[in-house]
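Here's the structure we're looking at; comments come further down.
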There are 6 protein chains.
Amino acid sequence: MYHHIKELMYTVHVDQPDPRFGNMLLEQFGGANGELAAAMQYSVQGINCDDPERKDLLMDIGTEELSHLEVVGVLTRMHLKPMKNNRSAAEADPLIAICGGGGVSLHNSMGSAWTADYLKITGEIDVDLRNNIAAEARAKITYERLMKFTNDQGTLDALQFLMTREITHMKAFTAALESLEKPVFSIGIIPPTPGLVDQYFNDSTGIGDRGEPDVRGPWNQGGSWELVEAPAFHMLRSQGTGEREATSGNGHAITAQVAEIKHVESDKKMAKRTPSRHKAVND
Amino acid sequence: MYHHIKELMYTVHVDQPDPRFGNMLLEQFGGANGELAAAMQYSVQGINCDDPERKDLLMDIGTEELSHLEVVGVLTRMHLKPMKNNRSAAEADPLIAICGGGGVSLHNSMGSAWTADYLKITGEIDVDLRNNIAAEARAKITYERLMKFTNDQGTLDALQFLMTREITHMKAFTAALESLEKPVFSIGIIPPTPGLVDQYFNDSTGIGDRGEPDVRGPWNQGGSWELVEAPAFHMLRSQGTGEREATSGNGHAITAQVAEIKHVESDKKMAKRTPSRHKAVND
Amino acid sequence: MYHHIKELMYTVHVDQPDPRFGNMLLEQFGGANGELAAAMQYSVQGINCDDPERKDLLMDIGTEELSHLEVVGVLTRMHLKPMKNNRSAAEADPLIAICGGGGVSLHNSMGSAWTADYLKITGEIDVDLRNNIAAEARAKITYERLMKFTNDQGTLDALQFLMTREITHMKAFTAALESLEKPVFSIGIIPPTPGLVDQYFNDSTGIGDRGEPDVRGPWNQGGSWELVEAPAFHMLRSQGTGEREATSGNGHAITAQVAEIKHVESDKKMAKRTPSRHKAVND
Amino acid sequence: MYHHIKELMYTVHVDQPDPRFGNMLLEQFGGANGELAAAMQYSVQGINCDDPERKDLLMDIGTEELSHLEVVGVLTRMHLKPMKNNRSAAEADPLIAICGGGGVSLHNSMGSAWTADYLKITGEIDVDLRNNIAAEARAKITYERLMKFTNDQGTLDALQFLMTREITHMKAFTAALESLEKPVFSIGIIPPTPGLVDQYFNDSTGIGDRGEPDVRGPWNQGGSWELVEAPAFHMLRSQGTGEREATSGNGHAITAQVAEIKHVESDKKMAKRTPSRHKAVND
Amino acid sequence: MYHHIKELMYTVHVDQPDPRFGNMLLEQFGGANGELAAAMQYSVQGINCDDPERKDLLMDIGTEELSHLEVVGVLTRMHLKPMKNNRSAAEADPLIAICGGGGVSLHNSMGSAWTADYLKITGEIDVDLRNNIAAEARAKITYERLMKFTNDQGTLDALQFLMTREITHMKAFTAALESLEKPVFSIGIIPPTPGLVDQYFNDSTGIGDRGEPDVRGPWNQGGSWELVEAPAFHMLRSQGTGEREATSGNGHAITAQVAEIKHVESDKKMAKRTPSRHKAVND
Amino acid sequence: MYHHIKELMYTVHVDQPDPRFGNMLLEQFGGANGELAAAMQYSVQGINCDDPERKDLLMDIGTEELSHLEVVGVLTRMHLKPMKNNRSAAEADPLIAICGGGGVSLHNSMGSAWTADYLKITGEIDVDLRNNIAAEARAKITYERLMKFTNDQGTLDALQFLMTREITHMKAFTAALESLEKPVFSIGIIPPTPGLVDQYFNDSTGIGDRGEPDVRGPWNQGGSWELVEAPAFHMLRSQGTGEREATSGNGHAITAQVAEIKHVESDKKMAKRTPSRHKAVND
């Protein structure tokens with residue numbers, strides 16, 4: 001059950017309304033990373049949550065985001081107000097000007113209506129907490145970018161307040177995830193296939209137009225990682241070695257290529273690399 | 001630049017087409033956590049990425065997800081095929097049956113068209129990696145839930161393959177995030193407001209209808225955490241202490257309540273708790 | 001600023017979870033006439049409202065609808081829970097089952113994500129109050145229809161509570177509209193064109209396949225109403241009287257028709273009927 | 001069955017095409033309150049209507065709105081035409097310029113595609129008539145706002161014509177609703193719960209940052225109204241009085257607050273106020 | 001299975017980033033006629049295709065479109081980059097600037113998220129090929145229009161490359177359709193009703209406000225075409241001839257009109273013209 | 001300007017309402033290939049059309065589709081009616097049952113709201129005619145599939161009528177396109193790049209899991225076609241020949257592969273094949 005107090009969580013002051021900036025602020029009112037998205041993601045997760053401790057966390061922060069929604073709404077409203085009567089201001093967001101009379105609405109800066117497609121709600125508490133950590137990181141960077149585009153001190157103060165709270169929430173969700181003491185890559189209950197789970201498929205190869213390299217890093221070497229070079233080439237190779245019949249009269253150039261690739265790859269123990277695939281084929 | 005090899009990354013077998021299960025599988029073809037969402041999220045992040053090393057990672061996995069999209073598409077197609085001519089099968093997904101002739105399309109299990117609103121792309125590499133870790137966790141649990149609802153061995157094998165790969169990707173994205181060596185709660189460049197960032201607002205209080213408690217946990221106590229009880233009540237109190245004039249003839253009951261709350265709260269050094277708010281008011 | 005109390009506005013009991021009914025209940029959680037739509041419509045109107053008295057009304061009811069959202073969410077969650085593990089239950093709403101693990105989400109009964117396109121917010125208080133009266137009427141009939149489809153007493157009690165409140169709100173919005181003491185058809189400040197505003201265009205004529213009549217009623221006769229028969233025929237006539245040149249070699253059959261219609265219409269003082277149109281033509 | 005006459009219901013003249021104003025006009029072509037929305041809402045209601053008299057009304061006005069759609073389309077097309085070849089004009093609406101070649105399309109002024117989510121169709125004639133009254137009020141204010149943003153006389157004349165017709169329709173729908181002679185708050189057939197239906201919940205209390213008051217008005221006092229102060233506080237109180245066990249080590253500050261609130265409220269016969277809730281709990 | 005080579009299919013150069021043009025380019029990245037739409041339409045058709053020859057065609061071109069998507073993405077990214085830090089540039093597309101940090105995303109030039117609603121996939125190879133021919137024609141004209149709005153030579157070169165490829169694909173799809181050797185108007189297997197299929201209904205008559213004529217052309221005369229004048233009038237006529245009872249007191253003017261029309265039409269053997277309708281009525 | 005006659009273009013009879021079939025019929029009422037989509041696509045094209053002859057065609061058929069919309073609406077309404085009171089029927093489409101009271105609405109069979117994203121309107125008459133030919137082909141096959149799923153004779157008769165008209169329209173649009181006498185692959189005014197336009201890129205190679213071949217056909221051989229084998233491999237080769245510097249320590253396996261592929265390809269005059277690309281690089 002909710003109660004509303006007629007006072008903003010952060011009192012907002014605007015010295016100079018800036019309708020185009022008001023339009024930008026809509027991102028945090030009715031946009032993908034905005035306050036309604038946060039409020040709904042956490043509150044709905046809370047309703048579904050069977051873990052009573054983290055349920056309280058979700059309701060606490062979900063409720064705070066409702067208060068943020070109100071702060072952003074009031075702040076944005078101040079910037080949008082001139083749209084009602086000023087044609088030039090109205091051009092910044094005709095939907096707000098003409099349908100809304102210069103009031104806020106649950107649209108983003110490009111006029112797209114807020115949609116629950118923005119939300120990530122899974123009913124699995126650890127997954128939801130990861131969704132929330134990512135959501136708070138997005139919200140933080142969004143506030144920071146907005147701060148680059150205004151000099152109005154009252155607006156900056158409010159955005160600094162809101163931006164800070166996103167880090168607070170990120171810390172809280174992270175602590176809640178860690179307190180579950182689950183192994184970091186354990187999601188749900190069915191374990192991944194051993195071996196296959198450690199294979200990194202190098203599916204993008206070569207050097208890019210601006211020198212982009214094909215890289216080894218901690219995400220594909222060291223530890224248990226096994227690098228599988230260009231799995232699609234392997235497929236090509238297996239097709240060349242007689243596992244299948246080519247239809248007559250086509251693909252001959254590729255067959256030649258394949259022969260070459262086969263030679264290069266001959267000492268690479270390919271079959272071992274995608275074991276589950278071949279197992280399935282042999283079944 | 002892309003090349004397609006006419007072989008699936010994982011060969012699929014279906015013993016018994018199950019149109020209602022095929023409908024469910026659409027979640028991973030054209031759904032919010034599905035393979036197109038993954039392929040597009042990582043590939044578009046890759047196009048935007050100025051970090052050449054992690055760009056390669058994004059393109060590798062983005063490309064692998066395209067291959068997964070194809071695997072899921074072929075698997076789902078096998079299950080949906082009877083819809084074309086069988087009325088009962090068609091009832092499982094009339095959109096697929098009547099508009100698609102029993103073929104797959106980029107809709108989810110409830111017929112909603114795939115939308116880029118599902119994607120989380122920020123142009124900030126650490127934030128994007130967090131988005132991706134969360135996305136992989138969602139994809140993993142989604143495959144696991146699908147596996148609960150079929151007994152077809154060929155289908156289960158393919159889903160096990162795909163589910164395993166999500167964990168692989170989750171590991172890779174996590175390693176890539178850690179290799180950035182950024183402090184864990186440092187997003188962007190503007191620091192949060194000290195003090196305020198450590199305040200946990202207890203915005204949901206009391207005991208729930210099923211005994212849900214108001215909880216202390218590592219997300220609101222210990223370390224630098226400071227608990228702020230029920231900020232909305234504080235607001236109410238400040239209204240009672242004369243900062244504002246009540247309009248005549250209303251709100252009297254609340255004024256009385258407020259007087260009581262004020263008394264209870266009098267030794268709580270409220271002003272310290274929401275410093276940036278009061279600073280702004282005093283400016 | 002919002003505060004959440006961990007107790008439902010109406011405690012819900014469910015004797016027998018009914019997943020297909022839970023799917024139906026989603027209409028009032030994430031559907032077009034549901035509680036989020038109500039909460040957001042009134043609360044956002046409230047943020048925009050410059051009339052301090054009706055602003056309070058909007059915030060009061062907007063906040064109550066948030067509490068209703070929570071009640072509906074908990075009730076629906078109870079009915080949906082079996083979806084997580086039961087294939088047959090899951091078929092009632094695969095999106096809820098597979099993506100949501102049997103939890104509620106902001107989708108309607110057919111899986112469409114909630115969208116702010118449902119909302120009617122204009123920034124004009126009397127228009128918004130009319131939007132709200134209509135919204136409450138829709139919500140009332142929606143609850144009533146849901147009540148037809150369940151026998152579960154706890155569910156019926158909760159729906160009766162929620163349905164009743166919609167009538168309460170309808171009464172309040174109506175009183176607020178009447179208290180504005182505006183003339184009933186006065187919207188905004190630009191007056192409609194006299195004369196033209198009283199013309200009822202009979203644009204659908206004849207008798208339908210099931211005997212549907214062409215009717216006179218208080219909406220087109222009596223008072224200041226003037227009936228304009230079939231305006232499109234009038235247009236046809238004016239074309240026949242030489243105001244325009246027909247291109248050679250076409251339209252001859254119609255010209256003949258037009259001649260006949262012209263005769264019939266000749267004593268009807270057509271020009272008077274669409275005055276602004278002809279004024280514009282003559283400019 | 002429909003017939004089209006190649007003449008506009010209102011002939012449009014544009015002296016000076018204004019692409020940015022053309023973009024704004026799209027609100028009434030493909031926007032939420034525009035002519036397609038009106039045409040479809042009334043015509044589809046008409047198809048569903050079992051009341052032969054009001055069905056005729058719905059078809060009459062639904063058809064007129066189609067003619068309005070054509071007028072708005074032609075008018076908007078005139079303003080948008082320069083977009084095809086003029087880069088500066090094209091920037092006003094790149095979607096129209098590049099995908100549409102400067103032609104109209106069923107999008108609003110911010111490029112959102114028209115959606116049936118805009119429509120309010122319930123299959124209950126009195127509810128539908130309320131939806132329509134609200135829709136006409138919205139359309140009227142939208143035309144009025146557009147008129148503020150142009151000086152082109154031909155455009156103003158056409159908008160005045162269209163705006164006037166919305167009032168005509170509002171009058172007709174109102175007469176049709178009144179002619180049903182239903183009690184004003186009687187929707188459907190299930191009556192609301194007596195007593196509860198007269199309780200106004202004061203869910204938003206205090207004084208706002210700009211002095212927004214907590215108000216009594218005809219929507220919560222007089223007649224049968226009973227004011228229920230801050231229901232969420234009541235809930236809090238009931239938790240404090242021993243109906244539930246608090247978990248150890250939390251909520252103590254709130255418990256103290258609650259004690260105070262309880263004292264203030266002690267003579268208010270709270271239990272009586274939310275009778276259906278407590279009844280349900282006691283069941 | 002897909003493989004990605006880190007080299008663009010067409011290397012792009014941009015001399016002068018132009019954020020507003022970058023915004024326009026998004027039409028071909030995340031817009032209705034853009035490269036993702038093409039890639040997905042053909043690739044998903046390919047997955048569904050049971051005709052092995054045309055399936056190869058669909059996969060070839062579907063894959064090429066993925067490479068185009070990458071080219072357009074890199075080109076657009078270059079133009080959008082200034083949005084991250086420049087407020088004026090950011091105003092061209094605040095969604096890209098603030099949510100995306102100046103990176104591309106799957107939205108069109110007006111910020112609408114890409115949706116699978118853009119796709120036309122039917123599971124009927126000849127219908128799909130027609131969909132694709134139309135899609136390529138749209139993509140071609142879209143590129144051409146973009147070329148009108150930039151002078152940047154590197155950008156023009158890339159757009160010329162991409163535009164050319166659309167014509168290549170249009171040729172290929174046309175050849176594939178023709179090679180099916182199906183009669184041109186044979187879709188599916190149920191034949192249309194003879195006679196009725198040759199009737200052209202002249203449903204729009206008269207002369208327009210700008211002299212638009214009512215035309216005869218090869219689409220309604222010659223060959224087997226039979227012109228049916230204004231079918232709605234015929235309906236009206238049949239109502240006037242006693243098949244139905246008019247309700248008393250209305251429609252009299254129309255009855256008179258009908259009498260006249262009937263006279264004009266009396267030698268036109270109307271009944272013969274809509275045979276299936278009357279057959280159905282007589283059943 | 002439109003006029004409505006209260007008689008259906010095709011009188012519908014339903015012997016046995018079938019709610020699940022009614023749900024399927026919604027595809028042709030509010031679905032992607034349905035009658036509203038057709039009506040709006042042609043009518044809006046007509047408003048934009050500067051070719052007076054084809055404009056008449058577009059308005060004729062656009063208007064007929066409105067009449068079809070009405071026929072489909074009435075037919076579907078008959079099948080859906082039991083949903084209002086019958087729980088089992090309601091399960092076929094809870095949105096229709098609960099929000100619509102068993103009436104039709106502009107949603108498809110899976111409850112997605114109709115959206116203008118379905119429409120293809122370009123402002124280029126020949127492109128629009130191709131869009132329309134494809135649209136009619138889709139509508140025809142959709143009606144045919146619906147006919148497979150009902151035995152109700154009245155329903156079948158109505159669907160046969162509607163299906164036949166789609167072929168009529170397809171014929172008319174085709175005649176209109178041909179009468180433009182434009183070269184078949186001439187779209188807009190900028191010619192494609194000679195040579196490049198005749199290259200068919202074989203982007204999908206090998207043999208599929210079910211023996212899908214890599215095919216030569218009239219869409220890539222004969223006439224002016226030139227086949228370019230696997231363009232991505234060519235890119236790979238060019239990287240190996242020294243045009244770029246590989247970053248140290250990565251990509252060595254691929255470099256070896258590339259060396260082999262280069263050998264195979266050495267007599268293929270690659271540079272000639274993608275001339276515009278290399279031209280651009282050399283600029």
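Ligands are numbered from 1 in the order shown, residues from 1 within each chain, and chains are lettered A, B, ... in the order they appear in the structure tokens.
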
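Proximity to chain D at a cut-off of 6 Å picks out Met1, Tyr2, His3, His4, Ile5, Glu7, Leu8, Met9, Asn48, Ser67, Cys99, Gly100, Gly101, Gly103, Leu106, Ala113, Trp114, Thr115, Ala116, Asp117, Thr122 and Gly123 of chain F on chain F, counting only C-alpha atoms.
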
Output N, CA and C atoms for every residue in that selection, as a short mmCIF file (atom, residue, chain, number, x, y, z; two decimals), in the first residue's frame.
```cif
data_model
loop_
_atom_site.label_atom_id
_atom_site.label_comp_id
_atom_site.auth_asym_id
_atom_site.auth_seq_id
_atom_site.Cartn_x
_atom_site.Cartn_y
_atom_site.Cartn_z
N MET F 1 -14.37 12.48 -49.80
CA MET F 1 -15.47 12.44 -48.86
C MET F 1 -16.14 11.07 -48.96
N TYR F 2 -16.54 10.55 -47.82
CA TYR F 2 -17.06 9.19 -47.78
C TYR F 2 -18.54 9.18 -47.44
N HIS F 3 -19.21 8.19 -47.96
CA HIS F 3 -20.58 7.93 -47.55
C HIS F 3 -20.71 6.45 -47.22
N HIS F 4 -21.52 6.18 -46.21
CA HIS F 4 -21.73 4.79 -45.81
C HIS F 4 -23.17 4.38 -46.05
N ILE F 5 -23.32 3.26 -46.70
CA ILE F 5 -24.64 2.66 -46.93
C ILE F 5 -24.78 1.49 -45.97
N GLU F 7 -25.50 -1.42 -45.76
CA GLU F 7 -25.67 -2.75 -46.31
C GLU F 7 -24.26 -3.26 -46.57
N LEU F 8 -24.03 -4.50 -46.24
CA LEU F 8 -22.69 -5.04 -46.43
C LEU F 8 -22.43 -5.28 -47.91
N MET F 9 -21.19 -5.14 -48.33
CA MET F 9 -20.83 -5.46 -49.71
C MET F 9 -21.09 -6.94 -49.97
N ASN F 48 -1.39 10.99 -51.37
CA ASN F 48 -0.07 11.49 -51.75
C ASN F 48 0.19 11.50 -53.25
N SER F 67 -14.97 -1.28 -47.24
CA SER F 67 -16.19 -2.10 -47.24
C SER F 67 -15.88 -3.54 -46.84
N CYS F 99 -11.93 -7.15 -22.28
CA CYS F 99 -11.91 -5.71 -22.60
C CYS F 99 -12.98 -5.35 -23.62
N GLY F 100 -13.28 -6.26 -24.52
CA GLY F 100 -14.16 -5.91 -25.62
C GLY F 100 -15.57 -6.47 -25.50
N GLY F 101 -15.82 -7.27 -24.47
CA GLY F 101 -17.16 -7.81 -24.30
C GLY F 101 -17.61 -8.67 -25.47
N GLY F 103 -16.75 -8.18 -28.60
CA GLY F 103 -16.80 -7.43 -29.86
C GLY F 103 -15.46 -7.47 -30.57
N LEU F 106 -9.36 -3.84 -33.18
CA LEU F 106 -8.30 -3.81 -34.19
C LEU F 106 -7.02 -4.45 -33.66
N ALA F 113 -2.06 -5.08 -31.16
CA ALA F 113 -2.80 -3.95 -31.69
C ALA F 113 -2.33 -3.63 -33.11
N TRP F 114 -3.27 -3.29 -33.96
CA TRP F 114 -2.93 -2.88 -35.32
C TRP F 114 -1.98 -1.69 -35.27
N THR F 115 -1.00 -1.70 -36.13
CA THR F 115 -0.03 -0.62 -36.17
C THR F 115 0.25 -0.21 -37.62
N ALA F 116 0.46 1.08 -37.83
CA ALA F 116 0.80 1.57 -39.16
C ALA F 116 2.16 1.08 -39.62
N ASP F 117 2.92 0.42 -38.74
CA ASP F 117 4.17 -0.20 -39.17
C ASP F 117 3.92 -1.29 -40.21
N THR F 122 5.39 4.84 -50.01
CA THR F 122 6.68 5.47 -50.32
C THR F 122 6.57 6.79 -51.07
N GLY F 123 5.41 7.12 -51.57
CA GLY F 123 5.30 8.34 -52.35
C GLY F 123 5.92 8.23 -53.74
#
```

Residue contacts of region 14-26 of chain F (7 Å, only C-alpha atoms) excluding same-chain residues fewer than 4 positions away, as a list of chain:residue names = B:Pro94, F:Gly30, F:Gly31, F:Thr76, F:Met78, F:His79, F:Leu80, F:Pro82, F:Met83, F:Ala89, F:Ala92, F:Asp93, F:His107, F:Asn108, F:Ser109, F:Asp152, F:Gly154, F:Thr155

What would the file look like if the residues just selected were written as a PDB file, in the first residue's frame with N, CA and C atoms?
```pdb
ATOM      1  N   PRO B  94      -2.202 -18.865 -33.864  1.00  0.00           N
ATOM      2  CA  PRO B  94      -2.863 -18.583 -35.149  1.00  0.00           C
ATOM      3  C   PRO B  94      -2.075 -17.625 -36.051  1.00  0.00           C
TER       4      PRO B  94
ATOM      5  N   GLY F  30      -7.813  -6.807 -37.938  1.00  0.00           N
ATOM      6  CA  GLY F  30      -6.800  -5.940 -37.354  1.00  0.00           C
ATOM      7  C   GLY F  30      -5.391  -6.491 -37.491  1.00  0.00           C
ATOM      8  N   GLY F  31      -5.167  -7.371 -38.435  1.00  0.00           N
ATOM      9  CA  GLY F  31      -3.855  -7.987 -38.611  1.00  0.00           C
ATOM     10  C   GLY F  31      -3.018  -7.341 -39.707  1.00  0.00           C
ATOM     11  N   THR F  76     -16.658 -11.604 -38.184  1.00  0.00           N
ATOM     12  CA  THR F  76     -15.854 -11.967 -37.007  1.00  0.00           C
ATOM     13  C   THR F  76     -16.666 -11.761 -35.730  1.00  0.00           C
ATOM     14  N   MET F  78     -19.758 -12.100 -35.328  1.00  0.00           N
ATOM     15  CA  MET F  78     -20.690 -13.225 -35.140  1.00  0.00           C
ATOM     16  C   MET F  78     -20.009 -14.414 -34.467  1.00  0.00           C
ATOM     17  N   HIS F  79     -18.771 -14.662 -34.862  1.00  0.00           N
ATOM     18  CA  HIS F  79     -18.057 -15.798 -34.275  1.00  0.00           C
ATOM     19  C   HIS F  79     -17.591 -15.516 -32.843  1.00  0.00           C
ATOM     20  N   LEU F  80     -17.291 -14.265 -32.555  1.00  0.00           N
ATOM     21  CA  LEU F  80     -16.734 -13.932 -31.238  1.00  0.00           C
ATOM     22  C   LEU F  80     -17.792 -13.772 -30.152  1.00  0.00           C
ATOM     23  N   PRO F  82     -20.025 -15.366 -28.470  1.00  0.00           N
ATOM     24  CA  PRO F  82     -20.152 -16.188 -27.257  1.00  0.00           C
ATOM     25  C   PRO F  82     -19.093 -15.885 -26.198  1.00  0.00           C
ATOM     26  N   MET F  83     -18.027 -15.194 -26.576  1.00  0.00           N
ATOM     27  CA  MET F  83     -16.958 -14.920 -25.612  1.00  0.00           C
ATOM     28  C   MET F  83     -17.435 -14.096 -24.426  1.00  0.00           C
ATOM     29  N   ALA F  89     -15.117 -20.124 -24.164  1.00  0.00           N
ATOM     30  CA  ALA F  89     -14.963 -19.294 -25.367  1.00  0.00           C
ATOM     31  C   ALA F  89     -14.030 -18.129 -25.089  1.00  0.00           C
ATOM     32  N   ALA F  92     -10.256 -18.299 -25.648  1.00  0.00           N
ATOM     33  CA  ALA F  92      -9.705 -18.202 -27.005  1.00  0.00           C
ATOM     34  C   ALA F  92      -9.109 -16.828 -27.269  1.00  0.00           C
ATOM     35  N   ASP F  93      -9.554 -15.838 -26.552  1.00  0.00           N
ATOM     36  CA  ASP F  93      -9.044 -14.473 -26.746  1.00  0.00           C
ATOM     37  C   ASP F  93      -9.529 -13.604 -25.585  1.00  0.00           C
ATOM     38  N   HIS F 107      -7.150  -5.730 -33.352  1.00  0.00           N
ATOM     39  CA  HIS F 107      -6.029  -6.551 -32.924  1.00  0.00           C
ATOM     40  C   HIS F 107      -5.960  -7.767 -33.839  1.00  0.00           C
ATOM     41  N   ASN F 108      -4.803  -8.399 -33.864  1.00  0.00           N
ATOM     42  CA  ASN F 108      -4.714  -9.613 -34.669  1.00  0.00           C
ATOM     43  C   ASN F 108      -5.065 -10.840 -33.807  1.00  0.00           C
ATOM     44  N   SER F 109      -4.839 -12.010 -34.352  1.00  0.00           N
ATOM     45  CA  SER F 109      -5.267 -13.236 -33.663  1.00  0.00           C
ATOM     46  C   SER F 109      -4.470 -13.503 -32.397  1.00  0.00           C
ATOM     47  N   ASP F 152     -17.938 -23.910 -41.894  1.00  0.00           N
ATOM     48  CA  ASP F 152     -19.181 -23.160 -41.900  1.00  0.00           C
ATOM     49  C   ASP F 152     -19.401 -22.551 -43.291  1.00  0.00           C
ATOM     50  N   GLY F 154     -21.564 -20.412 -44.681  1.00  0.00           N
ATOM     51  CA  GLY F 154     -21.722 -18.971 -44.817  1.00  0.00           C
ATOM     52  C   GLY F 154     -20.387 -18.256 -44.692  1.00  0.00           C
ATOM     53  N   THR F 155     -19.608 -18.722 -43.754  1.00  0.00           N
ATOM     54  CA  THR F 155     -18.274 -18.143 -43.569  1.00  0.00           C
ATOM     55  C   THR F 155     -17.408 -18.392 -44.789  1.00  0.00           C
TER      56      THR F 155
END
```
